[in-house]
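File shown: query_17.txt (compact mmCIF, C-alpha atoms and all ligand atoms).
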# COMPACT_ATOMS: atom_id res chain seq x y z
CA MET A 1 -10.23 9.42 -18.23
CA GLN A 2 -9.93 6.79 -15.50
CA LYS A 3 -12.61 6.88 -12.78
CA ARG A 4 -11.90 6.14 -9.14
CA LEU A 5 -14.07 3.84 -7.07
CA LEU A 6 -13.15 4.04 -3.41
CA LEU A 7 -14.33 1.44 -0.89
CA ILE A 8 -14.06 2.26 2.81
CA GLY A 9 -14.08 -0.85 5.02
CA GLY A 10 -13.62 -4.50 4.09
CA GLY A 11 -16.96 -5.58 5.53
CA HIS A 12 -19.36 -8.30 4.44
CA SER A 13 -20.77 -6.33 1.48
CA HIS A 14 -17.47 -5.02 0.15
CA ILE A 15 -15.80 -8.41 -0.04
CA GLU A 16 -18.49 -9.34 -2.57
CA VAL A 17 -18.01 -6.07 -4.45
CA ILE A 18 -14.26 -6.71 -4.75
CA ARG A 19 -14.83 -10.32 -5.76
CA ARG A 20 -17.28 -9.31 -8.49
CA PHE A 21 -15.04 -6.56 -9.84
CA GLY A 22 -12.25 -9.17 -9.92
CA LEU A 23 -14.34 -11.65 -11.90
CA ASP A 24 -15.68 -8.99 -14.25
CA PRO A 25 -13.39 -5.94 -14.24
CA GLU A 26 -14.93 -2.59 -15.08
CA PRO A 27 -12.88 -0.94 -17.86
CA GLY A 28 -11.45 2.46 -17.02
CA VAL A 29 -12.05 2.13 -13.28
CA ALA A 30 -9.37 2.16 -10.58
CA LEU A 31 -10.57 0.33 -7.47
CA THR A 32 -9.10 1.12 -4.04
CA LEU A 33 -9.99 -0.35 -0.65
CA VAL A 34 -9.23 1.50 2.57
CA SER A 35 -9.04 -0.93 5.48
CA PRO A 36 -7.03 -0.83 8.70
CA HIS A 37 -6.35 -4.57 8.66
CA ARG A 38 -5.28 -7.12 6.09
CA HIS A 39 -7.81 -9.67 7.37
CA THR A 40 -11.51 -9.19 7.93
CA ALA A 41 -13.53 -11.55 10.13
CA TYR A 42 -16.61 -13.44 8.98
CA SER A 43 -18.77 -12.86 12.03
CA GLY A 44 -20.90 -16.00 11.63
CA MET A 45 -17.84 -18.14 12.39
CA LEU A 46 -16.31 -16.00 15.16
CA PRO A 47 -18.01 -17.88 18.01
CA GLY A 48 -16.76 -21.15 16.43
CA TYR A 49 -13.24 -19.71 16.28
CA ILE A 50 -13.43 -18.65 19.93
CA ALA A 51 -14.72 -22.13 20.83
CA GLY A 52 -11.71 -23.69 19.10
CA HIS A 53 -13.53 -25.32 16.18
CA TYR A 54 -11.89 -23.18 13.49
CA ARG A 55 -8.45 -21.82 12.72
CA PHE A 56 -7.84 -18.13 12.02
CA GLY A 57 -7.77 -18.67 8.25
CA ASP A 58 -11.09 -20.54 8.30
CA CYS A 59 -13.03 -17.46 9.39
CA HIS A 60 -10.93 -14.56 8.08
CA ILE A 61 -10.79 -13.20 4.56
CA ASP A 62 -7.44 -12.04 3.25
CA LEU A 63 -8.25 -8.63 1.80
CA ASP A 64 -4.81 -8.27 0.20
CA ALA A 65 -5.28 -11.49 -1.78
CA LEU A 66 -8.83 -10.53 -2.75
CA CYS A 67 -7.67 -7.07 -3.87
CA ARG A 68 -4.73 -8.49 -5.81
CA GLN A 69 -7.07 -10.77 -7.71
CA ALA A 70 -9.32 -7.82 -8.52
CA GLY A 71 -6.41 -5.59 -9.55
CA ALA A 72 -7.35 -3.28 -6.67
CA ASP A 73 -5.11 -1.37 -4.28
CA ARG A 74 -5.50 -1.67 -0.54
CA ILE A 75 -4.54 1.28 1.65
CA GLU A 76 -3.81 0.14 5.21
CA ALA A 77 -5.62 2.86 7.13
CA ALA A 78 -8.91 3.81 8.69
CA ALA A 79 -10.90 6.56 7.04
CA GLY A 80 -11.34 9.40 9.50
CA SER A 81 -13.31 12.02 7.57
CA LEU A 82 -14.69 12.96 4.17
CA ASP A 83 -14.60 16.18 2.21
CA LEU A 84 -17.74 15.57 0.20
CA ALA A 85 -17.49 18.73 -1.88
CA LYS A 86 -13.98 17.83 -3.05
CA ARG A 87 -14.74 14.07 -3.14
CA VAL A 88 -11.86 13.20 -0.86
CA ALA A 89 -11.57 10.71 1.99
CA ARG A 90 -8.94 11.45 4.63
CA CYS A 91 -7.33 8.25 5.82
CA GLY A 92 -4.76 7.78 8.55
CA ALA A 93 -1.66 9.97 8.61
CA GLY A 94 -3.01 12.76 6.40
CA THR A 95 -3.38 10.55 3.30
CA GLU A 96 -6.10 11.73 0.92
CA GLN A 97 -7.99 9.43 -1.40
CA PHE A 98 -9.97 10.99 -4.24
CA PHE A 99 -13.09 9.31 -5.56
CA ASP A 100 -15.68 9.60 -8.28
CA VAL A 101 -17.85 7.08 -6.48
CA LEU A 102 -17.48 6.14 -2.82
CA SER A 103 -18.92 3.15 -0.95
CA ILE A 104 -18.81 2.74 2.83
CA ASP A 105 -19.08 -0.67 4.55
CA ALA A 106 -17.16 0.05 7.74
CA GLY A 107 -19.44 -1.70 10.26
CA SER A 108 -20.54 -0.43 13.64
CA VAL A 109 -18.74 0.46 16.86
CA PRO A 110 -19.53 -0.80 20.36
CA VAL A 111 -21.92 1.13 22.59
CA LEU A 112 -19.52 2.13 25.38
CA ALA A 113 -19.89 5.88 25.72
CA PRO A 114 -22.75 5.89 28.27
CA ILE A 115 -20.87 3.64 30.75
CA PRO A 116 -18.12 5.44 32.72
CA GLY A 117 -14.88 3.45 32.64
CA ALA A 118 -16.02 1.08 29.88
CA ASP A 119 -13.38 2.41 27.49
CA ARG A 120 -10.61 1.70 30.04
CA HIS A 121 -11.68 -1.59 31.60
CA GLY A 122 -12.37 -4.74 29.64
CA ILE A 123 -12.54 -5.23 25.90
CA ALA A 124 -15.26 -4.81 23.28
CA ILE A 125 -15.94 -7.42 20.60
CA LYS A 126 -15.14 -4.79 17.96
CA PRO A 127 -12.62 -4.12 16.54
CA VAL A 128 -12.46 -7.89 16.20
CA ALA A 129 -8.67 -8.04 15.70
CA GLN A 130 -8.04 -6.37 19.08
CA PHE A 131 -10.62 -8.55 20.77
CA LEU A 132 -9.02 -11.75 19.45
CA GLN A 133 -5.59 -10.73 20.74
CA ARG A 134 -7.04 -10.15 24.19
CA TRP A 135 -9.00 -13.42 24.03
CA ALA A 136 -5.76 -15.33 23.38
CA VAL A 137 -4.25 -13.80 26.54
CA LEU A 138 -7.40 -14.49 28.56
CA LEU A 139 -7.46 -18.11 27.44
CA ALA A 140 -3.80 -18.59 28.38
CA THR A 141 -4.42 -16.99 31.80
CA ALA A 142 -7.50 -19.17 32.46
CA ARG A 143 -5.51 -22.29 31.53
CA LYS A 144 -2.95 -21.49 34.25
CA ALA A 145 -5.39 -20.15 36.86
CA ALA A 146 -5.38 -21.87 40.25
CA THR A 147 -8.88 -20.60 41.06
CA ASP A 148 -11.81 -19.65 38.84
CA MET A 149 -11.39 -16.41 36.90
CA GLN A 150 -14.47 -14.22 36.98
CA ILE A 151 -15.55 -13.19 33.50
CA ALA A 152 -18.40 -10.72 33.01
CA ILE A 153 -20.10 -10.38 29.65
CA VAL A 154 -22.15 -7.21 29.34
CA GLY A 155 -24.93 -7.66 26.79
CA ALA A 156 -27.40 -10.53 26.58
CA GLY A 157 -28.17 -10.30 22.86
CA THR A 158 -27.33 -13.00 20.32
CA ALA A 159 -23.63 -12.18 20.12
CA GLY A 160 -23.21 -11.90 23.92
CA ILE A 161 -24.82 -15.27 24.58
CA GLU A 162 -22.99 -17.02 21.73
CA VAL A 163 -19.63 -15.62 22.80
CA ALA A 164 -20.21 -16.52 26.48
CA LEU A 165 -21.02 -20.13 25.54
CA ALA A 166 -18.09 -20.33 23.11
CA MET A 167 -15.56 -18.96 25.63
CA GLN A 168 -16.80 -21.22 28.38
CA HIS A 169 -16.60 -24.30 26.15
CA ARG A 170 -13.04 -23.51 25.08
CA ILE A 171 -11.74 -22.72 28.57
CA ARG A 172 -13.29 -25.88 30.01
CA ASN A 173 -12.12 -27.99 27.11
CA GLU A 174 -8.56 -26.83 27.61
CA GLY A 175 -8.56 -27.43 31.36
CA GLY A 176 -8.86 -23.75 32.31
CA ARG A 177 -10.84 -22.25 35.17
CA ALA A 178 -13.44 -19.53 34.75
CA ARG A 179 -16.92 -18.58 35.88
CA PHE A 180 -19.13 -16.52 33.61
CA THR A 181 -21.83 -13.96 34.33
CA VAL A 182 -23.89 -12.47 31.51
CA ILE A 183 -25.53 -9.14 32.33
CA GLY A 184 -28.48 -7.76 30.35
CA ASP A 185 -30.44 -4.57 30.92
CA GLY A 186 -33.74 -6.05 29.68
CA PRO A 187 -36.07 -8.68 31.12
CA VAL A 188 -34.98 -11.45 28.69
CA ILE A 189 -31.95 -12.78 26.85
CA LEU A 190 -31.91 -12.85 23.04
CA ALA A 191 -34.61 -10.18 22.84
CA ALA A 192 -34.66 -10.31 19.02
CA HIS A 193 -35.78 -13.96 19.05
CA PRO A 194 -39.03 -15.72 19.99
CA ARG A 195 -39.79 -17.03 23.46
CA GLY A 196 -38.91 -20.60 22.47
CA VAL A 197 -35.34 -19.59 21.60
CA GLN A 198 -35.00 -17.53 24.78
CA ARG A 199 -36.20 -20.42 26.94
CA ARG A 200 -33.93 -22.90 25.22
CA PHE A 201 -30.85 -20.75 25.75
CA ALA A 202 -31.79 -19.90 29.34
CA ALA A 203 -31.92 -23.66 30.01
CA ILE A 204 -28.57 -24.29 28.25
CA MET A 205 -26.92 -21.52 30.27
CA ALA A 206 -28.33 -22.87 33.54
CA THR A 207 -27.03 -26.37 32.70
CA ARG A 208 -23.62 -24.96 31.84
CA GLY A 209 -23.45 -22.92 35.06
CA ILE A 210 -23.39 -19.50 33.39
CA ALA A 211 -24.99 -16.94 35.71
CA LEU A 212 -27.50 -14.45 34.32
CA ARG A 213 -28.26 -10.99 35.69
CA LEU A 214 -31.23 -9.51 33.85
CA ASN A 215 -32.92 -6.11 34.27
CA THR A 216 -29.49 -4.92 35.36
CA ARG A 217 -28.03 -1.78 33.83
CA VAL A 218 -24.28 -1.58 34.37
CA GLN A 219 -23.49 1.80 35.98
CA ALA A 220 -19.71 1.87 35.57
CA ALA A 221 -16.59 -0.22 35.18
CA GLU A 222 -13.60 0.01 37.50
CA PRO A 223 -10.46 -2.05 38.03
CA GLY A 224 -11.55 -5.62 38.78
CA ALA A 225 -15.28 -4.93 39.02
CA LEU A 226 -18.49 -3.77 37.42
CA VAL A 227 -20.65 -1.34 39.32
CA LEU A 228 -24.29 -2.44 39.25
CA PRO A 229 -27.43 -0.62 40.47
CA GLY A 230 -27.51 -0.01 44.23
CA ASN A 231 -23.71 0.42 44.20
CA GLU A 232 -23.26 -3.35 44.07
CA ARG A 233 -19.80 -4.46 42.88
CA LEU A 234 -19.59 -7.55 40.66
CA ALA A 235 -16.02 -8.88 40.71
CA ALA A 236 -14.65 -9.28 37.19
CA ASP A 237 -11.13 -10.30 36.20
CA GLU A 238 -12.18 -9.60 32.63
CA ILE A 239 -15.11 -7.68 31.17
CA ILE A 240 -16.34 -8.32 27.64
CA TRP A 241 -18.52 -5.55 26.21
CA MET A 242 -21.20 -6.91 23.90
CA THR A 243 -23.50 -3.94 24.24
CA GLY A 244 -24.72 -3.64 20.67
CA ALA A 245 -23.99 -1.63 17.56
CA ALA A 246 -23.53 2.14 17.49
CA ALA A 247 -22.67 4.27 14.47
CA PRO A 248 -19.14 5.56 13.93
CA ALA A 249 -19.17 9.37 14.23
CA TRP A 250 -17.17 10.33 11.13
CA PRO A 251 -19.86 9.84 8.42
CA ARG A 252 -22.27 12.18 10.23
CA VAL A 253 -19.54 14.67 11.15
CA SER A 254 -18.47 14.69 7.47
CA GLY A 255 -21.94 15.85 6.45
CA LEU A 256 -23.59 12.66 5.19
CA GLN A 257 -27.28 12.44 6.01
CA THR A 258 -27.81 9.91 8.79
CA ASP A 259 -30.74 8.46 10.70
CA ALA A 260 -31.43 9.54 14.29
CA ASP A 261 -28.76 7.10 15.55
CA GLY A 262 -26.04 8.35 13.19
CA PHE A 263 -26.14 5.49 10.64
CA ILE A 264 -25.81 6.60 6.99
CA ALA A 265 -29.28 7.04 5.51
CA VAL A 266 -29.55 5.18 2.19
CA ASP A 267 -32.42 4.61 -0.23
CA ARG A 268 -33.51 1.51 -2.15
CA HIS A 269 -30.38 1.79 -4.33
CA LEU A 270 -28.12 1.78 -1.23
CA GLN A 271 -27.28 5.34 -2.26
CA SER A 272 -26.84 8.13 0.28
CA LEU A 273 -29.94 10.30 0.63
CA SER A 274 -27.76 13.41 0.68
CA HIS A 275 -24.87 12.63 -1.72
CA ALA A 276 -25.46 10.76 -4.99
CA ALA A 277 -21.78 9.76 -5.34
CA VAL A 278 -21.85 7.92 -2.02
CA PHE A 279 -23.22 4.45 -1.30
CA ALA A 280 -23.28 2.52 1.97
CA ALA A 281 -24.10 -1.00 3.12
CA GLY A 282 -23.90 -3.27 6.15
CA ASP A 283 -24.24 -2.14 9.74
CA VAL A 284 -23.08 1.43 8.98
CA ALA A 285 -26.04 1.97 6.63
CA SER A 286 -29.68 2.54 7.52
CA MET A 287 -32.12 1.53 4.80
CA GLN A 288 -34.81 4.20 5.02
CA HIS A 289 -37.23 2.25 2.80
CA ALA A 290 -36.89 -0.98 4.79
CA PRO A 291 -35.24 -0.72 8.23
CA ARG A 292 -33.68 -3.98 9.40
CA PRO A 293 -31.71 -5.05 12.48
CA LYS A 294 -27.91 -4.81 12.35
CA SER A 295 -26.98 -8.27 11.14
CA GLY A 296 -24.36 -9.83 8.91
CA VAL A 297 -27.08 -11.55 6.89
CA TYR A 298 -28.25 -8.21 5.47
CA ALA A 299 -24.69 -6.99 4.90
CA VAL A 300 -24.00 -10.16 2.88
CA ARG A 301 -27.22 -9.84 0.86
CA GLN A 302 -26.46 -6.21 0.02
CA GLY A 303 -23.15 -7.17 -1.65
CA PRO A 304 -24.47 -8.11 -5.13
CA PRO A 305 -26.88 -5.15 -5.60
CA LEU A 306 -24.23 -2.79 -4.21
CA ALA A 307 -21.64 -4.09 -6.71
CA GLU A 308 -24.14 -3.64 -9.55
CA ASN A 309 -25.07 -0.11 -8.51
CA LEU A 310 -21.46 0.97 -8.09
CA ARG A 311 -20.82 -0.13 -11.70
CA ARG A 312 -23.95 1.64 -12.88
CA ALA A 313 -23.09 4.82 -10.99
CA LEU A 314 -19.64 4.83 -12.61
CA ARG A 315 -21.25 4.39 -16.05
CA GLY A 316 -23.98 6.92 -15.34
CA ALA A 317 -26.64 4.22 -15.83
CA LEU A 318 -29.97 3.69 -14.09
CA LEU A 319 -29.60 2.06 -10.66
CA ILE A 320 -31.32 -1.17 -9.55
CA GLU A 321 -33.48 -1.46 -6.45
CA TYR A 322 -32.70 -3.65 -3.45
CA HIS A 323 -35.49 -4.97 -1.26
CA PRO A 324 -34.27 -6.94 1.74
CA GLN A 325 -35.93 -10.15 2.79
CA ALA A 326 -38.56 -9.74 5.53
CA ARG A 327 -36.80 -11.97 8.06
CA ALA A 328 -33.49 -13.77 8.35
CA LEU A 329 -32.64 -17.28 9.51
CA ALA A 330 -30.39 -17.21 12.57
CA LEU A 331 -28.31 -20.25 13.46
CA ILE A 332 -27.07 -19.60 16.99
CA SER A 333 -24.28 -21.83 18.25
CA THR A 334 -23.94 -23.10 21.81
CA GLY A 335 -20.16 -23.51 21.80
CA ASP A 336 -20.15 -27.30 21.86
CA ARG A 337 -20.85 -28.05 18.19
CA HIS A 338 -24.58 -27.69 18.71
CA ALA A 339 -26.72 -24.85 17.40
CA VAL A 340 -30.29 -23.59 17.59
CA ALA A 341 -32.15 -22.32 14.52
CA SER A 342 -34.46 -19.33 14.89
CA TYR A 343 -36.64 -18.32 11.94
CA GLY A 344 -39.80 -16.35 12.60
CA PRO A 345 -41.75 -18.46 15.09
CA PHE A 346 -39.78 -21.66 14.28
CA VAL A 347 -37.19 -23.03 16.69
CA PHE A 348 -35.19 -26.24 16.45
CA GLY A 349 -31.74 -27.31 17.51
CA GLY A 350 -29.15 -30.04 17.82
CA ALA A 351 -25.76 -31.20 16.60
CA TRP A 352 -27.16 -31.48 13.06
CA VAL A 353 -28.06 -27.74 13.10
CA TRP A 354 -24.41 -26.95 13.92
CA ARG A 355 -23.27 -29.21 11.04
CA TRP A 356 -25.73 -27.40 8.74
CA LYS A 357 -24.44 -24.01 9.93
CA ASN A 358 -20.87 -25.20 9.47
CA TYR A 359 -21.66 -26.29 5.89
CA ILE A 360 -23.24 -22.91 5.04
CA ASP A 361 -20.38 -20.96 6.65
CA MET A 362 -17.61 -22.99 5.01
CA ALA A 363 -19.32 -22.61 1.61
CA PHE A 364 -19.51 -18.83 2.18
CA MET A 365 -15.82 -18.62 3.03
CA ARG A 366 -14.80 -20.69 -0.02
CA ARG A 367 -16.18 -17.92 -2.24
CA TYR A 368 -13.51 -15.55 -0.94
CA ARG A 369 -10.53 -17.86 -1.24
CA VAL A 370 -8.79 -16.47 -4.26
CA GLY A 371 -9.17 -18.49 -7.47
CA LYS A 372 -12.83 -19.53 -7.11
CA SER A 373 -15.50 -18.49 -9.64
CA LEU A 374 -19.02 -17.11 -9.10
C1 LIG A 401 -19.65 -12.46 17.93
C2 LIG A 401 -20.59 -12.02 16.85
C3 LIG A 401 -21.29 -12.98 16.13
C4 LIG A 401 -22.16 -12.59 15.15
N1 LIG A 401 -22.81 -13.56 14.46
C5 LIG A 401 -23.65 -13.20 13.49
C6 LIG A 401 -24.34 -14.22 12.76
O1 LIG A 401 -24.18 -15.43 13.00
N2 LIG A 401 -25.17 -13.81 11.78
C7 LIG A 401 -25.38 -12.49 11.49
O2 LIG A 401 -26.14 -12.18 10.58
N3 LIG A 401 -24.74 -11.51 12.16
C8 LIG A 401 -23.89 -11.83 13.16
N4 LIG A 401 -23.26 -10.85 13.86
C9 LIG A 401 -23.46 -9.43 13.47
C10 LIG A 401 -22.44 -9.09 12.41
O3 LIG A 401 -21.14 -9.16 12.93
C11 LIG A 401 -22.56 -7.71 11.81
O4 LIG A 401 -23.89 -7.39 11.54
C12 LIG A 401 -21.72 -7.67 10.54
O5 LIG A 401 -20.36 -7.87 10.85
C13 LIG A 401 -21.88 -6.38 9.81
O6 LIG A 401 -21.08 -6.42 8.68
P1 LIG A 401 -20.48 -5.10 8.09
O7 LIG A 401 -20.04 -5.43 6.71
O8 LIG A 401 -21.42 -3.99 8.26
O9 LIG A 401 -19.25 -4.72 9.02
P2 LIG A 401 -18.00 -5.54 9.56
O10 LIG A 401 -18.11 -6.97 9.29
O11 LIG A 401 -17.83 -5.08 10.97
O12 LIG A 401 -16.80 -4.99 8.69
C14 LIG A 401 -16.41 -3.65 8.76
C15 LIG A 401 -14.98 -3.55 8.28
O13 LIG A 401 -14.66 -2.17 8.16
C16 LIG A 401 -13.40 -1.90 8.76
N5 LIG A 401 -13.44 -0.51 9.23
C17 LIG A 401 -14.02 -0.04 10.35
N6 LIG A 401 -13.85 1.29 10.43
C18 LIG A 401 -13.17 1.66 9.32
C19 LIG A 401 -12.71 2.92 8.82
N7 LIG A 401 -12.92 4.06 9.50
N8 LIG A 401 -12.02 2.93 7.66
C20 LIG A 401 -11.81 1.79 6.98
N9 LIG A 401 -12.23 0.58 7.40
C21 LIG A 401 -12.91 0.52 8.55
C22 LIG A 401 -13.27 -2.93 9.86
O14 LIG A 401 -11.90 -3.16 10.13
C23 LIG A 401 -13.96 -4.16 9.23
O15 LIG A 401 -13.06 -4.94 8.51
C24 LIG A 401 -22.37 -11.21 14.85
C25 LIG A 401 -21.67 -10.25 15.58
C26 LIG A 401 -20.79 -10.65 16.55
C27 LIG A 401 -20.05 -9.58 17.33

Is it possible to express this structure as structure tokens?
Ligand SMILES: Cc1cc2nc3c(=O)[nH]c(=O)nc-3n(C[C@H](O)[C@H](O)[C@H](O)COP(=O)(O)OP(=O)(O)OC[C@H]3O[C@@H](n4cnc5c(N)ncnc54)[C@H](O)[C@@H]3O)c2cc1C
Amino acid sequence: MQKRLLLIGGGHSHIEVIRRFGLDPEPGVALTLVSPHRHTAYSGMLPGYIAGHYRFGDCHIDLDALCRQAGADRIEAAAGSLDLAKRVARCGAGTEQFFDVLSIDAGSVPVLAPIPGADRHGIAIKPVAQFLQRWAVLLATARKAATDMQIAIVGAGTAGIEVALAMQHRIRNEGGRARFTVIGDGPVILAAHPRGVQRRFAAIMATRGIALRLNTRVQAAEPGALVLPGNERLAADEIIWMTGAAAPAWPRVSGLQTDADGFIAVDRHLQSLSHAAVFAAGDVASMQHAPRPKSGVYAVRQGPPLAENLRRALRGALLIEYHPQARALALISTGDRHAVASYGPFVFGGAWVWRWKNYIDMAFMRRYRVGKSL
């Protein structure tokens, strides 16, 4: 009898699973992907797309094409809940998807809940498709603006800084007018990186005229302004929320074991601690044996062992172990075709680092253009 492998989310790990099942189909297995959008963004190239260095197709993977090549179905919906006893995922308008084995790579959601008004004012970086639509409007408005638009970016982590620099480069390059303020609640920018990287980016931002407000916890958002401590109002024509990665609620609510933050708890096989038929990878998963920061690098690296274990689970075979690398190389772009490399204590930067990053990213994307081999 045919077995059903259900994938929820077309994230960085699942694209590799689909590709591998396409290259080496598993007999007797029906593969289905549930994803709300046809295209999924490769996050490493998003800042480059915002900066105007890439076209949409350069940094988006066409899930329909990938699924077609793998003989898989794609259901255009977001999974909303699971019935784990019946092995059913409920997706969109009451549709039910049965599974023998389920894998979840649905990413994270922005941390907005603690900030009153954040869900009504401004836009979060995720879902990416919505953010990019709003960015197109913002860019067009800034191009026509007679005076500087005030743009506030809340979150001074890697993504917040990269996106601020990318937006500023693009708006300036296209003759638009905008002033940027990046707000962070900690004492430094890029807290996950060494002091050398922090200093380098602080200097770049000062040179580029991007204002920084550190040790500043945003209290609320209201029309045209952010409310800062002491009831200070920071004028903002647009607010971009880059406040980090929270867990979607539905896996926990459905009864999957999660960590304290609500991310699906998985073991060294990327298998749920509570339900053997369920696997998870990427930001939505929390590796209990080896916790790592939420980063696309780990989601990408989990793809091959996840694909292997999904096959083995379907066959009833012994699973393989996955041990993530201790640290990841980060190539952080500055918007203007320069980038800074951060690896452990090592820091170096320049135009050549951007060209290196571009080479790595383009090579990654080529793997998911249909018709290429392993
Ligand atoms: C601007 C920016 C730049 C970044 N740059 C880097 C970088 O250079 N290097 C790096 O390592 N990390 C980077 N990151 C972090 C990186 O984006 C994430 O760690 C990475 O995307 C996680 O991959 P994922 O597979 O878990 O999820 P995602 O890539 O977010 O994919 C999740 C997919 O699941 C879909 N989905 C969501 N909910 C559901 C649902 N309920 N049902 C079905 N489908 C669903 C979404 O539509 C999406 O397609 C960056 C992040 C941002 C915001």

Please provide as a short mmCIF file (atom, residue, chain, number, x, y, z; two decimals) with C-alpha atoms, in the frame of the given file all residues within 9 Å of Ala51 (chain A), with the sequence filter that same-chain residues fewer than 5 positions apart are discarded (counting all atoms listed in the file).
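This went into out-v4.cif:
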data_model
loop_
_atom_site.label_atom_id
_atom_site.label_comp_id
_atom_site.auth_asym_id
_atom_site.auth_seq_id
_atom_site.Cartn_x
_atom_site.Cartn_y
_atom_site.Cartn_z
CA LEU A 46 -16.31 -16.00 15.16
CA VAL A 163 -19.63 -15.62 22.80
CA LEU A 165 -21.02 -20.13 25.54
CA ALA A 166 -18.09 -20.33 23.11
CA MET A 167 -15.56 -18.96 25.63
CA GLN A 168 -16.80 -21.22 28.38
CA HIS A 169 -16.60 -24.30 26.15
CA ARG A 170 -13.04 -23.51 25.08
CA ILE A 171 -11.74 -22.72 28.57
CA ASN A 173 -12.12 -27.99 27.11
CA GLY A 335 -20.16 -23.51 21.80
CA ASP A 336 -20.15 -27.30 21.86
CA ARG A 337 -20.85 -28.05 18.19
#

- Message: Neighbouring residues of Thr141 (chain A) were defined as those with any atom within 12 Å, considering only C-alpha atoms; residues of the same chain fewer than 3 positions away were excluded. Please report them as an NGL selection string.
- Response: :A and (134-138 or 144-151 or 171 or 174-178 or 237-238)

- [ ] Counting only C-alpha atoms, write as a PyMOL selection string all protein and nucleic acid residues lying at most 8 Å from (-21.6, -0.3, 3.3) in the file's frame.
- [x] chain A and resi 8-9+11+13-14+103-107+279-285+299

Could I get the residues of region 7-96 of chain A with an atom no further than 12 Å from an atom of region 308-330 of chain A, each paired with its nearest atom pair and that distance in Å to one decimal, using all atoms listed in the file, sorted by chain and residue number, as a tab-separated table?
residue	atom	partner	partner_atom	distance
A:Leu7	CA	A:Leu310	CA	10.1
A:Ser13	CA	A:Glu308	CA	11.8
A:His14	CA	A:Leu310	CA	10.9
A:Glu16	CA	A:Glu308	CA	10.6
A:Val17	CA	A:Glu308	CA	8.3
A:Ile18	CA	A:Leu310	CA	11.0
A:Arg20	CA	A:Glu308	CA	9.0
A:Phe21	CA	A:Arg311	CA	8.8
A:Asp24	CA	A:Arg311	CA	10.6
A:Pro25	CA	A:Arg311	CA	9.8
A:Glu26	CA	A:Arg311	CA	7.2
A:Pro27	CA	A:Arg311	CA	10.1
A:Gly28	CA	A:Leu314	CA	9.6
A:Val29	CA	A:Leu314	CA	8.1
A:Ala30	CA	A:Leu314	CA	10.8
A:Leu31	CA	A:Leu310	CA	10.9
A:Gly44	CA	A:Ala330	CA	9.6

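Picture a line from CA of Asp64 (chain A) to atom C21 of ligand LIG 401 (chain A); it runs 14.6 Å.
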
Test item: residues at most 9 Å from Pro194 (chain A), all atoms listed in the file, excluding those fewer than 2 positions along its chain, as a PyMOL selection string: chain A and resi 190-192+196-199+342-347

With distances taken over all atoms listed in the file, the candidate from A:Thr158, A:Ser43, A:Thr243, A:Gln302 nearest Ala113 (chain A) is A:Thr243

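Minimum atom-to-atom distance to Arg208 (chain A), evaluated using only C-alpha atoms, belongs to A:Ala164 out of A:Ala290, A:Ala265, A:Ile360, A:Ala164.
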
request  = Please provide as a ChimeraX atom specification all residues within 12 Å of Asp83 (chain A), with the sequence filter that same-chain residues fewer than 6 positions apart are discarded (counting all atoms listed in the file).
outcome  = /A:89-91,96-99,102,250-256,275,278

Shortest contact to Phe263 (chain A), candidates A:Gly303, A:Gly224, A:Gly22, A:Pro291, atoms counted all atoms listed in the file, goes to A:Pro291

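Between CA of Ala236 (chain A) and CA of Ile115 (chain A) there is a distance of 15.7 Å.
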
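With only C-alpha atoms and all ligand atoms as the atoms that count, the residue of A:Leu23, A:Ala206, A:Leu306, A:Val300 with the shortest distance to ligand LIG 401 (chain A) is A:Val300.
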
| Do you know which residues are at most 8 Å from Asp100 (chain A) counting only C-alpha atoms, after dropping those on the same chain fewer than 5 positions away, and could you put them as a list in words? | Lys3, Arg4, Leu5, Leu6, Arg87, Ala277 and Leu314 of chain A

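Shortest separation to ligand LIG 401 (chain A) among A:Pro293, A:Gly122, A:Gly157, A:Gly10 occurs at residue A:Gly10, atoms counted being all atoms listed in the file.
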
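If you measure from each of A:Ala203, A:Leu33, A:Ala159, A:Ala220 to ligand LIG 401 (chain A) using only C-alpha atoms and all ligand atoms, the closest one turns out to be A:Ala159.
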
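Here CA of Ala235 (chain A) stands at a distance of 10.9 Å from CA of Phe180 (chain A).
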